[in-house]
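S.K.: upload_33.cif is reproduced below (mmCIF, C-alpha atoms).
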```cif
data_model
loop_
_atom_site.label_atom_id
_atom_site.label_comp_id
_atom_site.auth_asym_id
_atom_site.auth_seq_id
_atom_site.Cartn_x
_atom_site.Cartn_y
_atom_site.Cartn_z
CA GLY A 354 183.77 48.09 231.28
CA ILE A 355 180.34 49.72 231.35
CA ALA A 356 177.92 48.29 233.88
CA ALA A 357 174.97 50.64 233.43
CA TYR A 358 173.88 53.78 231.60
CA VAL A 359 170.86 56.08 231.60
CA PHE A 360 169.84 58.79 229.09
CA GLU A 361 167.74 61.62 230.56
CA LEU A 362 165.98 64.61 228.99
CA ASP A 363 165.11 67.81 230.85
CA ASN A 364 164.54 71.52 230.27
CA THR A 365 166.94 72.51 233.05
CA THR A 366 170.54 71.51 233.77
CA SER A 367 169.56 70.47 237.29
CA PHE A 368 167.67 67.46 235.89
CA ASN A 369 165.27 67.53 238.87
CA SER A 370 162.22 66.72 236.72
CA SER A 371 163.81 64.73 233.93
CA THR A 372 162.37 62.07 231.66
CA VAL A 373 164.32 58.83 231.35
CA LEU A 374 164.67 58.04 227.66
CA CYS A 375 166.43 54.69 227.89
CA SER A 376 168.74 52.65 230.09
CA THR A 377 170.99 49.60 230.18
CA ALA A 378 168.16 47.22 229.42
CA LEU A 379 167.88 48.59 225.87
CA SER A 380 170.37 47.81 223.09
CA ASN A 381 169.79 51.24 221.47
CA CYS A 382 168.26 54.55 222.47
CA THR A 383 165.67 56.42 220.41
CA PHE A 384 162.83 58.81 221.29
CA ASN A 385 160.08 60.64 219.41
CA THR A 386 160.79 64.38 219.34
CA THR A 387 157.22 65.19 218.26
CA SER A 388 155.51 63.43 221.19
CA GLN A 389 157.90 64.34 224.02
CA THR A 390 156.65 67.01 226.43
CA GLN A 391 159.83 67.76 228.38
CA CYS A 392 161.18 70.47 226.04
CA GLN A 393 159.37 73.12 224.04
CA ASN A 394 159.76 73.22 220.27
CA GLU A 395 162.48 75.59 219.03
CA SER A 396 163.67 76.27 222.61
CA THR A 397 167.37 76.16 223.46
CA ASP A 398 166.47 75.21 227.07
CA CYS A 399 166.68 71.49 226.40
CA PHE A 400 169.36 69.18 227.75
CA LEU A 401 170.37 65.56 227.28
CA ARG A 402 172.37 63.82 230.02
CA LEU A 403 174.17 60.48 229.81
CA ASN A 404 174.88 58.85 233.15
CA VAL A 405 177.42 56.00 233.09
CA THR A 406 178.47 53.52 235.80
CA ASP A 407 181.42 51.17 235.26
CA ILE A 408 181.93 47.70 236.71
CA HIS A 409 183.87 49.14 239.63
CA GLY A 410 180.98 51.41 240.68
CA LEU A 411 182.56 54.60 239.40
CA LYS A 412 180.09 57.09 237.94
CA ASN A 413 180.24 60.03 235.54
CA TYR A 414 177.92 61.98 233.28
CA SER A 415 177.95 64.28 230.26
CA ILE A 416 175.37 66.96 229.34
CA LEU A 417 174.56 68.19 225.84
CA THR A 418 172.42 71.20 224.93
CA ILE A 419 170.01 70.18 222.19
CA GLN A 420 167.11 71.78 220.36
CA MET A 421 164.02 70.12 218.90
CA ASP A 422 162.33 71.87 216.01
CA ASN A 423 159.31 70.24 214.39
CA VAL A 424 157.65 73.54 213.44
CA LEU A 425 157.30 74.49 209.78
CA PRO A 426 158.46 77.97 208.74
CA GLY A 427 155.77 80.57 208.08
CA ILE A 428 155.85 82.74 204.94
CA SER A 429 153.92 85.88 204.10
CA LEU A 430 153.95 86.97 200.44
CA ASN A 431 154.17 90.76 200.26
CA SER A 432 154.47 91.80 196.61
CA PRO A 433 153.53 91.72 193.81
CA LEU A 434 149.95 91.49 195.04
CA ASN A 435 148.00 88.48 193.84
CA ASP A 436 146.61 88.86 190.31
CA SER A 437 148.59 92.08 189.68
CA TRP A 438 150.34 93.30 186.51
CA ASP A 439 153.95 94.12 185.66
CA ASN A 440 154.79 96.22 182.59
CA ASP A 441 158.56 95.79 182.18
CA GLY A 442 159.30 92.10 182.88
CA LEU A 443 161.63 92.86 185.81
CA VAL A 444 159.70 91.56 188.81
CA ASN A 445 160.71 92.09 192.44
CA PHE A 446 159.18 89.40 194.65
CA THR A 447 159.10 90.38 198.34
CA PHE A 448 158.11 88.26 201.33
CA ILE A 449 158.60 87.84 205.09
CA PRO A 450 159.72 84.48 206.60
CA TYR A 451 158.87 83.55 210.19
CA ASP A 452 161.03 80.98 212.00
CA PRO A 453 163.65 81.50 214.76
CA ASN A 454 165.85 78.95 212.99
CA ILE A 455 165.25 80.21 209.45
CA ASP A 456 167.95 79.37 206.94
CA SER A 457 167.02 80.28 203.35
CA CYS A 458 164.08 80.77 201.00
CA THR A 459 163.52 79.92 197.33
CA LEU A 460 161.31 81.47 194.67
CA TYR A 461 159.15 79.01 192.70
CA HIS A 462 157.22 79.85 189.50
CA ASN A 463 155.89 78.13 186.39
CA GLU A 464 157.26 80.27 183.55
CA SER A 465 158.87 77.15 182.05
CA GLY A 466 155.55 75.30 182.12
CA SER A 467 156.23 73.38 185.33
CA PHE A 468 156.20 74.76 188.88
CA GLN A 469 159.86 74.63 189.96
CA SER A 470 162.53 76.41 191.98
CA ASN A 471 164.22 79.44 190.44
CA GLN A 472 166.43 81.41 192.83
CA SER A 473 167.33 81.12 196.53
CA THR A 474 168.40 83.74 199.06
CA THR A 475 169.49 83.83 202.70
CA VAL A 476 166.94 85.50 204.98
CA GLU A 477 166.33 86.67 208.55
CA ASN A 478 163.39 85.82 210.77
CA GLY A 479 160.62 88.42 210.49
CA SER A 480 162.49 90.62 208.00
CA LEU A 481 161.33 91.67 204.54
CA SER A 482 163.30 89.76 201.90
CA ASN A 483 163.28 89.82 198.12
CA VAL A 484 164.21 88.00 194.92
CA THR A 485 164.29 89.95 191.63
CA ILE A 486 164.15 88.16 188.27
CA SER A 487 163.16 88.80 184.64
CA LEU A 488 160.03 87.19 183.20
CA PHE A 489 158.72 87.10 179.64
CA GLY A 490 155.13 88.04 178.85
CA GLY A 491 152.38 85.86 180.25
CA SER A 492 150.55 84.90 183.43
CA PHE A 493 152.48 82.90 186.02
CA ALA A 494 151.90 81.28 189.40
CA TRP A 495 154.55 81.96 192.03
CA ASN A 496 155.29 81.16 195.65
CA ILE A 497 158.12 81.14 198.18
CA GLN A 498 159.41 78.02 199.96
CA CYS A 499 161.50 78.51 203.11
CA ASN A 500 163.52 76.01 205.15
CA ASP A 501 165.00 76.17 208.62
CA THR A 502 168.22 74.68 209.99
CA ALA A 503 166.33 71.60 211.22
CA GLY A 504 165.25 70.76 207.67
CA ASN A 505 161.60 71.82 207.98
CA ARG A 506 160.24 73.27 204.72
CA ALA A 507 157.03 75.06 203.80
CA PHE A 508 155.39 77.28 201.17
CA ASN A 509 153.00 80.14 201.69
CA SER A 510 149.54 78.57 202.02
CA THR A 511 148.48 79.69 198.51
CA ASN A 512 150.18 80.53 195.22
CA PHE A 513 149.99 84.07 193.85
CA THR A 514 149.57 85.00 190.18
CA ILE A 515 151.58 87.67 188.33
CA HIS A 516 150.72 88.93 184.83
CA VAL A 517 153.60 90.30 182.75
CA ASP A 518 153.01 92.49 179.67
CA SER A 519 155.89 94.65 178.43
CA ILE A 520 154.53 95.19 174.88
CA LYS A 521 152.94 98.58 174.27
CA PRO A 522 149.58 98.75 172.45
CA GLN A 523 149.77 99.32 168.67
CA ILE A 524 147.77 102.35 167.50
CA ILE A 525 147.21 103.45 163.90
CA LEU A 526 145.13 106.44 162.76
CA TYR A 527 142.62 105.55 160.04
CA PRO A 528 140.29 107.59 157.77
CA PRO A 529 138.18 109.55 158.14
CA THR A 530 140.86 110.86 160.52
CA TYR A 531 142.62 113.67 158.68
CA ASP A 532 146.37 113.99 158.16
CA ASN A 533 148.64 115.78 160.58
CA ASP A 534 148.67 119.62 160.25
CA THR A 535 145.30 119.70 158.45
CA PHE A 536 143.29 122.92 159.01
CA PHE A 537 139.46 123.26 159.09
CA ASN A 538 137.20 126.12 160.03
CA ARG A 539 134.59 124.11 161.97
CA THR A 540 133.53 123.19 165.52
CA TRP A 541 134.06 119.42 165.51
CA ILE A 542 136.85 116.88 164.98
CA PHE A 543 136.34 113.19 164.29
CA VAL A 544 139.08 110.66 165.08
CA ASN A 545 139.19 107.00 164.06
CA VAL A 546 141.94 104.57 165.11
CA SER A 547 142.93 100.93 164.88
CA MET A 548 144.21 99.45 168.15
CA ASN A 549 145.82 96.07 168.81
CA ASP A 550 146.69 94.68 172.26
CA SER A 551 145.98 91.25 173.75
CA ASN A 552 145.52 92.74 177.24
CA PHE A 553 143.29 95.69 176.41
CA ALA A 554 142.14 97.70 179.44
CA ASN A 555 141.02 101.11 178.17
CA ILE A 556 141.52 103.68 175.42
CA THR A 557 141.78 107.44 176.01
CA PHE A 558 141.33 110.16 173.38
CA TYR A 559 143.03 113.50 174.09
CA LEU A 560 142.36 116.77 172.24
CA TYR A 561 144.82 119.68 172.48
CA ASN A 562 144.74 123.15 170.92
CA SER A 563 147.60 124.73 168.99
CA SER A 564 149.23 125.78 172.29
CA PHE A 565 149.14 122.17 173.50
CA GLN A 566 146.54 122.94 176.13
CA LEU A 567 144.24 120.01 176.89
CA LEU A 568 140.74 120.74 175.64
CA ASN A 569 139.05 117.39 176.02
CA GLU A 570 139.75 113.91 177.36
CA SER A 571 137.59 110.86 176.72
CA ASN A 572 138.31 107.50 178.41
CA VAL A 573 136.44 104.32 177.51
CA THR A 574 136.91 100.71 178.66
CA THR A 575 135.26 99.14 175.62
CA LEU A 576 136.83 98.69 172.18
CA GLN A 577 135.43 101.97 170.94
CA THR A 578 137.95 103.10 168.34
CA SER A 579 136.52 106.49 167.37
CA ALA A 580 135.70 109.78 169.05
CA ASN A 581 133.82 112.88 167.88
CA PHE A 582 134.79 116.11 169.65
CA THR A 583 132.01 118.68 169.20
CA SER A 584 131.17 122.26 170.25
CA LEU A 585 134.73 123.36 169.72
CA ASN A 586 135.98 126.90 169.29
CA SER A 587 137.12 127.14 165.69
CA ASN A 588 139.75 129.71 166.71
CA ASP A 589 141.59 127.17 168.88
#
```
Go ahead and render the structure in this file as structure tokens.

M.R.:
Amino acid sequence: GIAAYVFELDNTTSFNSSTVLCSTALSNCTFNTTSQTQCQNESTDCFLRLNVTDIHGLKNYSILTIQMDNVLPGISLNSPLNDSWDNDGLVNFTFIPYDPNIDSCTLYHNESGSFQSNQSTTVENGSLSNVTISLFGGSFAWNIQCNDTAGNRAFNSTNFTIHVDSIKPQIILYPPTYDNDTFFNRTWIFVNVSMNDSNFANITFYLYNSSFQLLNESNVTTLQTSANFTSLNSND
């Protein structure tokens, strides 16, 4: 039968500076991996030795290589940039995970109304990774959660926001804008339009001559829906 046992922890196989975790006097053996100082986090240079003595004085031991990992993965969101816009609904989310024991990462977003997981992918430590999905129009929060093989999980420290708008602005020409192919012998042209878009940014009026050469360009960021081009050459 077993007369005595000792569990030791060390960062070398020589066990010349080991920590005794428990011995015969204890009915079970446990230790706190977060408070121990014998082995570094995420290092493979960590060894557990069990020394056993039987009732006849015979001794033997067994050594296991173990690894303690109490470090959360790091995540860097790369693209789309925070508060950016997408105009086709097909969004490529890119990120870089940091953890020597990284396992996989999962995209989270709130398109459904609640912030939840969407799609997972296997990744490599320090390498650019991506998840591509389709989103309907709207503004959404997103983030990446990564986990390592020890079960540690973490998000990027902040959520990013993506705005999706795949609907083109509606533009209608209104009087006193004249019909297409109308001819006038004068030096000005007045244009009036009706524009509808929930995410208006700017409106640009372009004027070309009969040879489709650009004569004038007017860009405004307010809801100005008319333009008057003056001092024109009536021969154009």

S.K.: Check the smallest atom-to-atom distance from each of A:Ser492, A:Asn440, A:Ser579, A:Asn423 to Lys521 of chain A using all atoms listed in the file, then report the winner.

M.R.: A:Asn440

S.K.: Might you spell out which residues the PyMOL selection byres ((chain A and resi 571) around 8) would select in the displayed file, as an mmCIF file with C-alpha atoms, in the frame of the given file?

M.R.:
```cif
data_model
loop_
_atom_site.group_PDB
_atom_site.id
_atom_site.type_symbol
_atom_site.label_atom_id
_atom_site.label_comp_id
_atom_site.auth_asym_id
_atom_site.auth_seq_id
_atom_site.Cartn_x
_atom_site.Cartn_y
_atom_site.Cartn_z
ATOM 1 C CA THR A 557 141.780 107.440 176.010
ATOM 2 C CA PHE A 558 141.330 110.160 173.380
ATOM 3 C CA TYR A 559 143.030 113.500 174.090
ATOM 4 C CA ASN A 569 139.050 117.390 176.020
ATOM 5 C CA GLU A 570 139.750 113.910 177.360
ATOM 6 C CA ASN A 572 138.310 107.500 178.410
ATOM 7 C CA VAL A 573 136.440 104.320 177.510
ATOM 8 C CA ALA A 580 135.700 109.780 169.050
#
```

S.K.: Would you translate the PyMOL selection byres ((chain A and resi 475) around 8) into the concrete set of residues it matches in this file, as a PyMOL selection string?

M.R.: chain A and resi 456-458+473-474+476-477

S.K.: Could you state which residues are captured by the PyMOL selection byres ((chain A and resi 357) around 6) in this file, as an NGL selection string?

M.R.: :A and (355-356 or 358 or 377 or 405-406)

S.K.: Which residue, A:Tyr527, A:Tyr414, A:Phe537, A:Phe493, has the smallest gap to Pro433 of chain A when you use all atoms listed in the file?

M.R.: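 That would be A:Phe493, the residue with the smallest distance to Pro433 of chain A.
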
S.K.: Kindly add N, CA, C and O atoms to the incomplete segment 561-586 of chain A and provide the output as a tab-separated table (two decimals), keeping the file's coordinate frame.

M.R.:
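The file below, rebuild07.tsv, is the result:
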```tsv
chain	number	residue	atom	x	y	z
A	561	TYR	N	144.07	118.51	172.07
A	561	TYR	CA	144.82	119.68	172.48
A	561	TYR	C	144.63	120.79	171.45
A	561	TYR	O	144.39	120.53	170.26
A	562	ASN	N	144.77	122.04	171.88
A	562	ASN	CA	144.74	123.15	170.92
A	562	ASN	C	146.15	123.41	170.40
A	562	ASN	O	147.08	122.66	170.70
A	563	SER	N	146.31	124.45	169.62
A	563	SER	CA	147.60	124.73	168.99
A	563	SER	C	148.69	125.09	170.00
A	563	SER	O	149.88	125.04	169.68
A	564	SER	N	148.27	125.45	171.23
A	564	SER	CA	149.23	125.78	172.29
A	564	SER	C	149.48	124.58	173.20
A	564	SER	O	150.09	124.72	174.26
A	565	PHE	N	149.01	123.41	172.76
A	565	PHE	CA	149.14	122.17	173.50
A	565	PHE	C	148.48	122.22	174.88
A	565	PHE	O	148.94	121.61	175.83
A	566	GLN	N	147.38	122.96	174.94
A	566	GLN	CA	146.54	122.94	176.13
A	566	GLN	C	145.46	121.88	175.94
A	566	GLN	O	144.86	121.78	174.87
A	567	LEU	N	145.23	121.08	176.97
A	567	LEU	CA	144.24	120.01	176.89
A	567	LEU	C	142.84	120.59	176.86
A	567	LEU	O	142.42	121.28	177.78
A	568	LEU	N	142.10	120.26	175.78
A	568	LEU	CA	140.74	120.74	175.64
A	568	LEU	C	139.70	119.68	176.03
A	568	LEU	O	138.63	120.01	176.54
A	569	ASN	N	140.03	118.44	175.76
A	569	ASN	CA	139.05	117.39	176.02
A	569	ASN	C	139.77	116.05	176.24
A	569	ASN	O	140.81	115.79	175.63
A	570	GLU	N	139.21	115.24	177.09
A	570	GLU	CA	139.75	113.91	177.36
A	570	GLU	C	138.60	112.93	177.48
A	570	GLU	O	137.64	113.16	178.22
A	571	SER	N	138.66	111.85	176.72
A	571	SER	CA	137.59	110.86	176.72
A	571	SER	C	138.18	109.47	176.95
A	571	SER	O	139.01	109.00	176.17
A	572	ASN	N	137.79	108.82	178.05
A	572	ASN	CA	138.31	107.50	178.41
A	572	ASN	C	137.20	106.47	178.35
A	572	ASN	O	136.14	106.64	178.96
A	573	VAL	N	137.43	105.38	177.62
A	573	VAL	CA	136.44	104.32	177.51
A	573	VAL	C	137.12	102.98	177.76
A	573	VAL	O	138.29	102.78	177.45
A	574	THR	N	136.37	102.03	178.33
A	574	THR	CA	136.91	100.71	178.66
A	574	THR	C	136.41	99.64	177.69
A	574	THR	O	136.68	98.46	177.88
A	575	THR	N	135.67	100.07	176.67
A	575	THR	CA	135.26	99.14	175.62
A	575	THR	C	136.09	99.42	174.37
A	575	THR	O	136.78	100.44	174.29
A	576	LEU	N	136.03	98.52	173.40
A	576	LEU	CA	136.83	98.69	172.18
A	576	LEU	C	136.17	99.68	171.24
A	576	LEU	O	135.91	99.40	170.07
A	577	GLN	N	135.93	100.87	171.77
A	577	GLN	CA	135.43	101.97	170.94
A	577	GLN	C	136.64	102.66	170.32
A	577	GLN	O	137.48	103.22	171.02
A	578	THR	N	136.74	102.62	169.00
A	578	THR	CA	137.95	103.10	168.34
A	578	THR	C	137.76	104.42	167.61
A	578	THR	O	138.54	104.78	166.74
A	579	SER	N	136.73	105.18	167.98
A	579	SER	CA	136.52	106.49	167.37
A	579	SER	C	135.98	107.45	168.40
A	579	SER	O	135.39	107.04	169.41
A	580	ALA	N	136.21	108.73	168.16
A	580	ALA	CA	135.70	109.78	169.05
A	580	ALA	C	135.34	111.00	168.21
A	580	ALA	O	136.04	111.32	167.24
A	581	ASN	N	134.25	111.67	168.58
A	581	ASN	CA	133.82	112.88	167.88
A	581	ASN	C	133.78	114.02	168.89
A	581	ASN	O	132.93	114.06	169.78
A	582	PHE	N	134.74	114.94	168.76
A	582	PHE	CA	134.79	116.11	169.65
A	582	PHE	C	133.96	117.21	169.03
A	582	PHE	O	134.21	117.65	167.89
A	583	THR	N	132.95	117.68	169.75
A	583	THR	CA	132.01	118.68	169.20
A	583	THR	C	132.02	119.94	170.05
A	583	THR	O	132.65	119.99	171.12
A	584	SER	N	131.30	120.95	169.56
A	584	SER	CA	131.17	122.26	170.25
A	584	SER	C	132.51	122.89	170.53
A	584	SER	O	132.77	123.44	171.61
A	585	LEU	N	133.40	122.80	169.56
A	585	LEU	CA	134.73	123.36	169.72
A	585	LEU	C	134.78	124.80	169.25
A	585	LEU	O	133.98	125.24	168.41
A	586	ASN	N	135.74	125.55	169.75
A	586	ASN	CA	135.98	126.90	169.29
A	586	ASN	C	136.87	126.81	168.06
A	586	ASN	O	138.00	126.36	168.13
```
